[in-house]
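Source file: model-v3.pdb. Holds: PDB, C-alpha atoms, pLDDT in the B column.
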```
ATOM      1  CA  MET A   1       6.583   3.780  10.494  1.00 97.00           C
ATOM      2  CA  ILE A   2       4.407   1.442   8.397  1.00 98.00           C
ATOM      3  CA  LEU A   3       2.651   2.053   5.071  1.00 98.00           C
ATOM      4  CA  VAL A   4      -0.664   0.225   4.755  1.00 98.00           C
ATOM      5  CA  ASP A   5      -1.804  -0.850   1.290  1.00 98.00           C
ATOM      6  CA  THR A   6      -5.263  -0.423  -0.180  1.00 98.00           C
ATOM      7  CA  SER A   7      -5.841  -4.173   0.046  1.00 97.00           C
ATOM      8  CA  VAL A   8      -5.834  -3.917   3.850  1.00 98.00           C
ATOM      9  CA  TRP A   9      -7.756  -0.637   4.078  1.00 98.00           C
ATOM     10  CA  ILE A  10     -10.588  -2.058   1.948  1.00 97.00           C
ATOM     11  CA  ASP A  11     -10.968  -5.063   4.245  1.00 97.00           C
ATOM     12  CA  TYR A  12     -10.675  -2.805   7.294  1.00 98.00           C
ATOM     13  CA  PHE A  13     -13.409  -0.396   6.207  1.00 97.00           C
ATOM     14  CA  ASN A  14     -15.629  -3.293   5.106  1.00 96.00           C
ATOM     15  CA  GLY A  15     -15.437  -4.703   8.631  1.00 97.00           C
ATOM     16  CA  GLN A  16     -13.611  -7.868   7.599  1.00 97.00           C
ATOM     17  CA  GLN A  17     -11.559  -9.467  10.310  1.00 97.00           C
ATOM     18  CA  ASN A  18      -8.392 -11.224   9.225  1.00 98.00           C
ATOM     19  CA  ARG A  19      -4.764 -11.230  10.302  1.00 98.00           C
ATOM     20  CA  HIS A  20      -4.073  -8.094   8.221  1.00 98.00           C
ATOM     21  CA  THR A  21      -6.910  -6.028   9.664  1.00 98.00           C
ATOM     22  CA  ASP A  22      -6.073  -7.284  13.150  1.00 98.00           C
ATOM     23  CA  LYS A  23      -2.491  -6.139  12.600  1.00 98.00           C
ATOM     24  CA  LEU A  24      -3.717  -2.764  11.345  1.00 98.00           C
ATOM     25  CA  ASP A  25      -5.800  -2.348  14.514  1.00 96.00           C
ATOM     26  CA  GLU A  26      -2.686  -3.096  16.556  1.00 97.00           C
ATOM     27  CA  LEU A  27      -0.484  -0.736  14.517  1.00 98.00           C
ATOM     28  CA  LEU A  28      -2.916   2.176  14.723  1.00 97.00           C
ATOM     29  CA  SER A  29      -2.431   2.265  18.479  1.00 95.00           C
ATOM     30  CA  SER A  30       1.286   1.508  18.598  1.00 97.00           C
ATOM     31  CA  GLU A  31       3.068   2.694  15.416  1.00 96.00           C
ATOM     32  CA  LEU A  32       3.135   5.586  12.998  1.00 98.00           C
ATOM     33  CA  VAL A  33       0.843   4.403  10.191  1.00 98.00           C
ATOM     34  CA  VAL A  34       1.371   6.403   7.003  1.00 98.00           C
ATOM     35  CA  LEU A  35      -0.655   6.829   3.834  1.00 98.00           C
ATOM     36  CA  GLY A  36       0.261   7.483   0.219  1.00 98.00           C
ATOM     37  CA  ASP A  37      -1.596   9.383  -2.489  1.00 98.00           C
ATOM     38  CA  ILE A  38      -2.223   6.315  -4.656  1.00 98.00           C
ATOM     39  CA  ILE A  39      -3.526   4.328  -1.693  1.00 98.00           C
ATOM     40  CA  LEU A  40      -5.785   7.205  -0.644  1.00 98.00           C
ATOM     41  CA  ALA A  41      -7.292   7.435  -4.138  1.00 98.00           C
ATOM     42  CA  GLU A  42      -7.749   3.667  -4.496  1.00 97.00           C
ATOM     43  CA  THR A  43      -9.339   3.334  -1.080  1.00 98.00           C
ATOM     44  CA  LEU A  44     -11.723   6.280  -1.300  1.00 98.00           C
ATOM     45  CA  GLN A  45     -12.927   5.537  -4.824  1.00 97.00           C
ATOM     46  CA  GLY A  46     -14.392   2.243  -3.629  1.00 94.00           C
ATOM     47  CA  PHE A  47     -17.060   3.745  -1.370  1.00 97.00           C
ATOM     48  CA  ARG A  48     -20.596   3.761  -2.775  1.00 96.00           C
ATOM     49  CA  LYS A  49     -22.324   5.603   0.063  1.00 97.00           C
ATOM     50  CA  ASP A  50     -21.455   9.243   0.756  1.00 98.00           C
ATOM     51  CA  LYS A  51     -21.658   8.672   4.508  1.00 97.00           C
ATOM     52  CA  ASP A  52     -19.093   5.832   4.366  1.00 97.00           C
ATOM     53  CA  TYR A  53     -16.857   7.867   2.048  1.00 98.00           C
ATOM     54  CA  SER A  54     -16.902  10.858   4.408  1.00 98.00           C
ATOM     55  CA  LYS A  55     -16.179   8.712   7.456  1.00 97.00           C
ATOM     56  CA  ALA A  56     -13.225   6.989   5.766  1.00 98.00           C
ATOM     57  CA  LYS A  57     -11.873  10.255   4.355  1.00 98.00           C
ATOM     58  CA  LYS A  58     -11.911  11.804   7.824  1.00 97.00           C
ATOM     59  CA  ALA A  59     -10.144   8.781   9.356  1.00 96.00           C
ATOM     60  CA  LEU A  60      -7.493   8.642   6.636  1.00 98.00           C
ATOM     61  CA  ASP A  61      -6.947  12.396   6.744  1.00 97.00           C
ATOM     62  CA  SER A  62      -5.518  12.059  10.248  1.00 95.00           C
ATOM     63  CA  LEU A  63      -2.578   9.944   8.987  1.00 98.00           C
ATOM     64  CA  THR A  64       0.831  11.202   7.901  1.00 97.00           C
ATOM     65  CA  PHE A  65       0.693  11.560   4.112  1.00 97.00           C
ATOM     66  CA  TYR A  66       3.287  10.913   1.403  1.00 98.00           C
ATOM     67  CA  SER A  67       3.291  11.570  -2.319  1.00 97.00           C
ATOM     68  CA  ILE A  68       4.256   8.271  -3.941  1.00 97.00           C
ATOM     69  CA  CYS A  69       3.979   9.147  -7.594  1.00 93.00           C
ATOM     70  CA  ASN A  70       6.771  11.448  -8.687  1.00 95.00           C
ATOM     71  CA  LYS A  71       9.299  11.337 -11.523  1.00 97.00           C
ATOM     72  CA  LYS A  72      12.082   9.715  -9.487  1.00 97.00           C
ATOM     73  CA  ASN A  73       9.815   6.953  -8.159  1.00 98.00           C
ATOM     74  CA  ALA A  74       8.236   6.414 -11.595  1.00 98.00           C
ATOM     75  CA  ILE A  75      11.645   5.790 -13.177  1.00 98.00           C
ATOM     76  CA  LYS A  76      12.834   3.538 -10.337  1.00 98.00           C
ATOM     77  CA  SER A  77       9.548   1.597 -10.514  1.00 98.00           C
ATOM     78  CA  ALA A  78      10.063   1.012 -14.219  1.00 98.00           C
ATOM     79  CA  GLU A  79      13.621  -0.160 -13.562  1.00 98.00           C
ATOM     80  CA  ASN A  80      12.405  -2.516 -10.821  1.00 98.00           C
ATOM     81  CA  PHE A  81       9.646  -3.864 -13.075  1.00 98.00           C
ATOM     82  CA  ARG A  82      12.132  -4.529 -15.885  1.00 98.00           C
ATOM     83  CA  TYR A  83      14.576  -6.212 -13.492  1.00 98.00           C
ATOM     84  CA  LEU A  84      11.876  -8.538 -12.154  1.00 98.00           C
ATOM     85  CA  ARG A  85      10.520  -9.273 -15.637  1.00 97.00           C
ATOM     86  CA  LYS A  86      13.999 -10.376 -16.738  1.00 98.00           C
ATOM     87  CA  LYS A  87      13.883 -12.838 -13.826  1.00 97.00           C
ATOM     88  CA  GLY A  88      10.513 -14.151 -15.034  1.00 97.00           C
ATOM     89  CA  ILE A  89       8.421 -12.221 -12.491  1.00 96.00           C
ATOM     90  CA  THR A  90       5.660  -9.933 -13.748  1.00 95.00           C
ATOM     91  CA  ILE A  91       3.859  -7.534 -11.436  1.00 96.00           C
ATOM     92  CA  ARG A  92       0.274  -7.097 -12.645  1.00 95.00           C
ATOM     93  CA  LYS A  93      -0.412  -3.537 -11.523  1.00 96.00           C
ATOM     94  CA  THR A  94       1.635  -0.403 -12.062  1.00 97.00           C
ATOM     95  CA  THR A  95       0.261   1.035  -8.821  1.00 97.00           C
ATOM     96  CA  ASP A  96       1.709  -1.907  -6.896  1.00 97.00           C
ATOM     97  CA  MET A  97       5.126  -1.295  -8.472  1.00 98.00           C
ATOM     98  CA  LEU A  98       4.955   2.383  -7.520  1.00 98.00           C
ATOM     99  CA  ILE A  99       3.885   1.643  -3.942  1.00 98.00           C
ATOM    100  CA  GLY A 100       6.426  -1.136  -3.481  1.00 98.00           C
ATOM    101  CA  THR A 101       9.269   0.910  -4.946  1.00 98.00           C
ATOM    102  CA  PHE A 102       8.369   3.868  -2.722  1.00 98.00           C
ATOM    103  CA  CYS A 103       8.576   1.608   0.329  1.00 98.00           C
ATOM    104  CA  ILE A 104      11.907   0.120  -0.773  1.00 98.00           C
ATOM    105  CA  GLU A 105      13.476   3.494  -1.543  1.00 98.00           C
ATOM    106  CA  ASN A 106      12.307   5.009   1.751  1.00 98.00           C
ATOM    107  CA  ASN A 107      12.922   1.930   3.902  1.00 98.00           C
ATOM    108  CA  ILE A 108       9.263   1.776   4.990  1.00 98.00           C
ATOM    109  CA  PRO A 109       7.715  -1.638   5.730  1.00 98.00           C
ATOM    110  CA  LEU A 110       4.415  -2.410   3.981  1.00 98.00           C
ATOM    111  CA  LEU A 111       1.339  -4.087   5.420  1.00 98.00           C
ATOM    112  CA  HIS A 112      -0.538  -5.618   2.495  1.00 98.00           C
ATOM    113  CA  ASN A 113      -2.884  -8.402   1.472  1.00 97.00           C
ATOM    114  CA  ASP A 114      -1.944  -8.536  -2.226  1.00 96.00           C
ATOM    115  CA  LYS A 115       0.097 -11.316  -3.783  1.00 94.00           C
ATOM    116  CA  ASP A 116       1.940  -8.967  -6.175  1.00 91.00           C
ATOM    117  CA  PHE A 117       3.887  -7.512  -3.264  1.00 97.00           C
ATOM    118  CA  ILE A 118       5.299 -10.928  -2.350  1.00 95.00           C
ATOM    119  CA  SER A 119       7.485 -10.825  -5.482  1.00 95.00           C
ATOM    120  CA  LEU A 120       8.823  -7.405  -4.516  1.00 97.00           C
ATOM    121  CA  LYS A 121      10.576  -8.954  -1.541  1.00 97.00           C
ATOM    122  CA  GLU A 122      13.057 -10.110  -4.211  1.00 95.00           C
ATOM    123  CA  ILE A 123      14.216  -6.498  -4.575  1.00 97.00           C
ATOM    124  CA  GLY A 124      14.147  -5.520  -0.918  1.00 98.00           C
ATOM    125  CA  LEU A 125      10.536  -4.812   0.059  1.00 98.00           C
ATOM    126  CA  GLN A 126      10.038  -5.207   3.807  1.00 98.00           C
ATOM    127  CA  VAL A 127       6.624  -6.585   4.619  1.00 98.00           C
ATOM    128  CA  VAL A 128       4.651  -6.734   7.832  1.00 97.00           C
ATOM    129  CA  LEU A 129       3.290 -10.269   8.416  1.00 94.00           C
TER     130      LEU A 129
END
```
Output the file's structure as structure tokens, nothing else.
Amino acid sequence: MILVDTSVWIDYFNGQQNRHTDKLDELLSSELVVLGDIILAETLQGFRKDKDYSKAKKALDSLTFYSICNKKNAIKSAENFRYLRKKGITIRKTTDMLIGTFCIENNIPLLHNDKDFISLKEIGLQVVL
């Protein structure tokens, strides 16, 4: 099971070819790729054309879905953020803390193309690539 971050989905739907989108192509045919509510919202809100939005929504709807943002994860994310900040590491986006913490707590590796997640390896985030 692998969670794929918005940073990879955006490149994927924009037709960009890089090592992350290549890995996503590989995973879609060989692994259980899962999606979270925050990632779904971030990804879908970026589409300008209704046709592209509908196509992406249909594709993403076929994935196993998880709710990332709940009280337990919100509190643990805040604790993780504070821990990292005390070590001199600041994560720029709350959504990245929530996604990363969800992956850590549920032992789900993350495929991403976002430098904020690199720092979360410090607290146990498993990354793909």
field: Among listed residues A:Leu28, A:Leu129, A:Ala78, A:Ala56, nearest Thr95 of chain A (using all atoms listed in the file)
entry: A:Ala78
Coordinates-based distance that separates atom CA of Val34 of chain A from atom CA of Thr64 of chain A (Å, one decimal): 4.9 Å
field: Spatial neighbours of Leu84 of chain A, max dist 9 Å, all atoms listed in the file, sep filter under 5 positions, as a list in words
entry: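 With the cut-off at 9 Å, the set is Glu79, Ile89, Thr90, Ile91, Ser119, Leu120, Glu122 and Ile123 of chain A.
Distances to Asn18 of chain A were evaluated for A:Lys49, A:Lys93, A:Arg85, A:His112 using only C-alpha atoms, and the minimum falls at A:His112.
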task: Run the PyMOL selection byres ((chain A and resi 39) around 12) mentally over the shown coordinates, then write out the matched residues as a PyMOL selection string, using the chain letters and numbers from the document.
output: chain A and resi 3-10+34-38+40-46+57+60+65-69+95-96+98-100+102+110+112
Next, dump the selected residues to file, keeping only C-alpha atoms, as a PDB file, in the frame of the given file.
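This went into selection_25.pdb:
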```pdb
ATOM      1  CA  LEU A   3       2.651   2.053   5.071  1.00 98.00           C
ATOM      2  CA  VAL A   4      -0.664   0.225   4.755  1.00 98.00           C
ATOM      3  CA  ASP A   5      -1.804  -0.850   1.290  1.00 98.00           C
ATOM      4  CA  THR A   6      -5.263  -0.423  -0.180  1.00 98.00           C
ATOM      5  CA  SER A   7      -5.841  -4.173   0.046  1.00 97.00           C
ATOM      6  CA  VAL A   8      -5.834  -3.917   3.850  1.00 98.00           C
ATOM      7  CA  TRP A   9      -7.756  -0.637   4.078  1.00 98.00           C
ATOM      8  CA  ILE A  10     -10.588  -2.058   1.948  1.00 97.00           C
ATOM      9  CA  VAL A  34       1.371   6.403   7.003  1.00 98.00           C
ATOM     10  CA  LEU A  35      -0.655   6.829   3.834  1.00 98.00           C
ATOM     11  CA  GLY A  36       0.261   7.483   0.219  1.00 98.00           C
ATOM     12  CA  ASP A  37      -1.596   9.383  -2.489  1.00 98.00           C
ATOM     13  CA  ILE A  38      -2.223   6.315  -4.656  1.00 98.00           C
ATOM     14  CA  LEU A  40      -5.785   7.205  -0.644  1.00 98.00           C
ATOM     15  CA  ALA A  41      -7.292   7.435  -4.138  1.00 98.00           C
ATOM     16  CA  GLU A  42      -7.749   3.667  -4.496  1.00 97.00           C
ATOM     17  CA  THR A  43      -9.339   3.334  -1.080  1.00 98.00           C
ATOM     18  CA  LEU A  44     -11.723   6.280  -1.300  1.00 98.00           C
ATOM     19  CA  GLN A  45     -12.927   5.537  -4.824  1.00 97.00           C
ATOM     20  CA  GLY A  46     -14.392   2.243  -3.629  1.00 94.00           C
ATOM     21  CA  LYS A  57     -11.873  10.255   4.355  1.00 98.00           C
ATOM     22  CA  LEU A  60      -7.493   8.642   6.636  1.00 98.00           C
ATOM     23  CA  PHE A  65       0.693  11.560   4.112  1.00 97.00           C
ATOM     24  CA  TYR A  66       3.287  10.913   1.403  1.00 98.00           C
ATOM     25  CA  SER A  67       3.291  11.570  -2.319  1.00 97.00           C
ATOM     26  CA  ILE A  68       4.256   8.271  -3.941  1.00 97.00           C
ATOM     27  CA  CYS A  69       3.979   9.147  -7.594  1.00 93.00           C
ATOM     28  CA  THR A  95       0.261   1.035  -8.821  1.00 97.00           C
ATOM     29  CA  ASP A  96       1.709  -1.907  -6.896  1.00 97.00           C
ATOM     30  CA  LEU A  98       4.955   2.383  -7.520  1.00 98.00           C
ATOM     31  CA  ILE A  99       3.885   1.643  -3.942  1.00 98.00           C
ATOM     32  CA  GLY A 100       6.426  -1.136  -3.481  1.00 98.00           C
ATOM     33  CA  PHE A 102       8.369   3.868  -2.722  1.00 98.00           C
ATOM     34  CA  LEU A 110       4.415  -2.410   3.981  1.00 98.00           C
ATOM     35  CA  HIS A 112      -0.538  -5.618   2.495  1.00 98.00           C
TER      36      HIS A 112
END
```
field: Residue among A:Glu26, A:Lys86, A:Val33, A:Cys103 lying closest to Asp61 of chain A, counting all atoms listed in the file
entry: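 Of A:Glu26, A:Lys86, A:Val33, A:Cys103, the one nearest Asp61 of chain A is A:Val33, counting all atoms listed in the file.
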Hey, could you pull the box centre and edge lengths for segment 4-12 of chain A, axis-aligned, 6 Å padding per side, all listed atoms, to one decimal in Å, as AutoDock Vina command-line options?
```
--center_x -5.8 --center_y -2.4 --center_z 3.6 --size_x 22.3 --size_y 17.3 --size_z 19.5
```
query: Expressed in Å to a single decimal, how great is the separation between atom CA of Lys72 of chain A and atom CA of Asn107 of chain A?
result: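 Between atom CA of Lys72 of chain A and atom CA of Asn107 of chain A the gap works out to 15.5 Å.
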- request: State, in Å with one decimal place, the distance from atom CA of Asp52 of chain A to atom CA of Ile2 of chain A.
  value: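 Between these atoms lies a distance of 24.2 Å.
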- prompt: For Lys23 of chain A, which residue out of A:Val128, A:Asn70, A:Thr101, A:Ser54 is the nearest one, using all atoms listed in the file?
  reply: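 Comparing A:Val128, A:Asn70, A:Thr101, A:Ser54 against Lys23 of chain A, the winner is A:Val128.
With all atoms listed in the file as the basis for measurement, A:Leu111 is the residue among A:Ala74, A:Leu63, A:Met97, A:Leu111 that approaches Asp22 of chain A most closely.
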- line: Arg82 of chain A proximity check over A:Lys51, A:Thr94, A:Met1, A:Lys115, using only C-alpha atoms: winner is A:Thr94
